[in-house]
Structures are given as structure tokens and as C-alpha cells.
Amino acid sequence: MSTQHRTEEKFSIALESIQSKRRIERVLEAANALLDRYAAQPDPEERLKITFELLRRNFTPEVAIVFGNMALGTDSPVGIAGTEAVPPGERRGETVFHCKIIGADRRSGSLTAFYTEPGTMGLTDAEWLAAMRLLAGISGLGVGGHVTCPQ
């Protein structure tokens with residue numbers, strides 16, 4: 001292995017590390033923006049609407065949230081779909097995120113999203129899943145409860 005090749009390899013690793021840090025910083029900025037907007041909105045359903053819009057605009061257009069009698073991003077009526085949120089359409093991303101939302105007032109629901117790398121923020125699948133767990137966790141707290149996510 002030549003010195004030139006090792007130098008290029010080290011440079012490539014350093015560049016990927018810097019790019020990964022920037023992507024993670026954008027996720028943290030989105031989480032902070034979500035928290036700021038939650039502080040101005042006390043209603044749990046309105047908070048979930050804020051989450052839905054943030055996810056749809058920045059992380060994936062294939063997102064659905066169902067909570068109590070509210071269904072966002074799904075064509076299924078809540079009475080039929082129960083607490084399972086599934087975005088409509090034929091297209092499905094390669095990576096799937098799903099979690100249950102449990103509110104303080106015994107209302108429950110779910111958040112489901114599909115993603116294909118690199119998406120609008122350039123996240124890897126692993127980075128996207130971590131971002132979704134973070135934002136879903138904030139959402140659970142925002143409805144006075146918690147979320148349960150596999151993995």
C-alpha cells in the first residue's frame with residue numbers, strides 16, 4: 001500500500017466524519033426547533049401536527065401519525081386503522097420506522113415513516129433512524145406520555 005493511497009484513505013475518513021457531524025448538527029437543530037415550537041403550543045394534538053410537518057418537510061414525505069381521533073398523513077379513517085399509522089401510496093422507502101405513542105390521558109397512537117437514503121438531509125439510514133427516535137421521543141413527551149420504539 002503506497003503512502004499516497006493511505007493519505008487519500010485518511011482524508012476520505014476525515015471528510016466523511018466532518019459530513020456526518022454536519023448532518024447530525026442539522027438533526028439537533030430540527031429537534032431544538034421542535035422543542036421551541038412545543039413551548040409555544042400547549043395542545044398535545046397541535047404539537048403532533050407540528051411534529052408531522054417537521055418530519056414531512058425535512059426527513060421524509062412518507063410519514064403518518066395517528067393519535068386518538070386524529071390521523072395525519074394517512075388515508076385510512078381512524079376508526080378502521082385503529083392506532084396504526086401507515087402513509088398512503090404505492091411508493092415505500094427502504095427503511096421503516098414505527099413507534100407507539102402513549103399519551104397522558106390514555107389516548108394512544110403511532111408514528112410510521114419510510115425513508116430512502118440519502119433523503120433531503122443526506123442522512124444515512126442509521127442516522128435517520130436515530131433522528132426519528134429522538135424526534136418521536138420528543139413527541140411522546142409533548143403529549144404528556146412516551147413512545148415505545150423497537151430497537
# chains A, B, ... in the order shown; residues from 1 in each chain; ligands from 1
>>> residues_around(residues="Tyr115 (chain A)", least_positions_apart="4", cutoff="12 Å", atoms="only C-alpha atoms", output="MDAnalysis selection string")
chainID A and resid 55:56 58:63 87 91:98 119:129 131:132
>>> select_by_dssp(residues="region 24-132 of chain A", states="helix (DSSP H, G or I)", output="JSON, numbers by chain")
{"A": [24, 25, 26, 27, 28, 29, 30, 31, 32, 33, 34, 35, 36, 37, 38, 39, 44, 45, 46, 47, 48, 49, 50, 51, 52, 53, 54, 55, 56, 57, 58, 78, 79, 80, 81, 125, 126, 127, 128, 129, 130, 131, 132]}
>>> atom_distance(atom1="CA of Gly137 (chain A)", atom2="CA of Cys99 (chain A)")
9.5 Å
>>> residues_around(residues="Leu34 (chain A)", least_positions_apart="5", cutoff="12 Å", atoms="only C-alpha atoms", output="JSON, numbers by chain")
{"A": [27, 28, 29, 39, 40, 41, 46, 47, 48, 49, 50, 51, 52, 53, 54, 55, 58, 134, 135, 136, 137, 138, 139, 141, 142]}
>>> select_by_dssp(residues="region 22-130 of chain A", states="strand (DSSP E)", output="list in words")
Val63, Ala64, Ile65, Val66, Phe67, Met70, Ala71, Leu72, Thr95, Val96, Phe97, His98, Cys99, Lys100, Ile101, Ile102, Ser108, Gly109, Ser110, Leu111, Thr112, Ala113, Phe114 and Tyr115 of chain A
>>> atom_distance(atom1="CA of Ile101 (chain A)", atom2="CA of Arg57 (chain A)")
20.9 Å
>>> closest_residue(among="A:Leu111, A:Pro118, A:Ser12, A:Thr7", to="Cys149 (chain A)", atoms="only C-alpha atoms")
A:Leu111
>>> atom_distance(atom1="CA of Val143 (chain A)", atom2="CA of Gly103 (chain A)")
5.3 Å
>>> closest_residue(among="A:Gln4, A:Ala31, A:Glu9, A:Gly68", to="Ala130 (chain A)", atoms="only C-alpha atoms")
A:Ala31
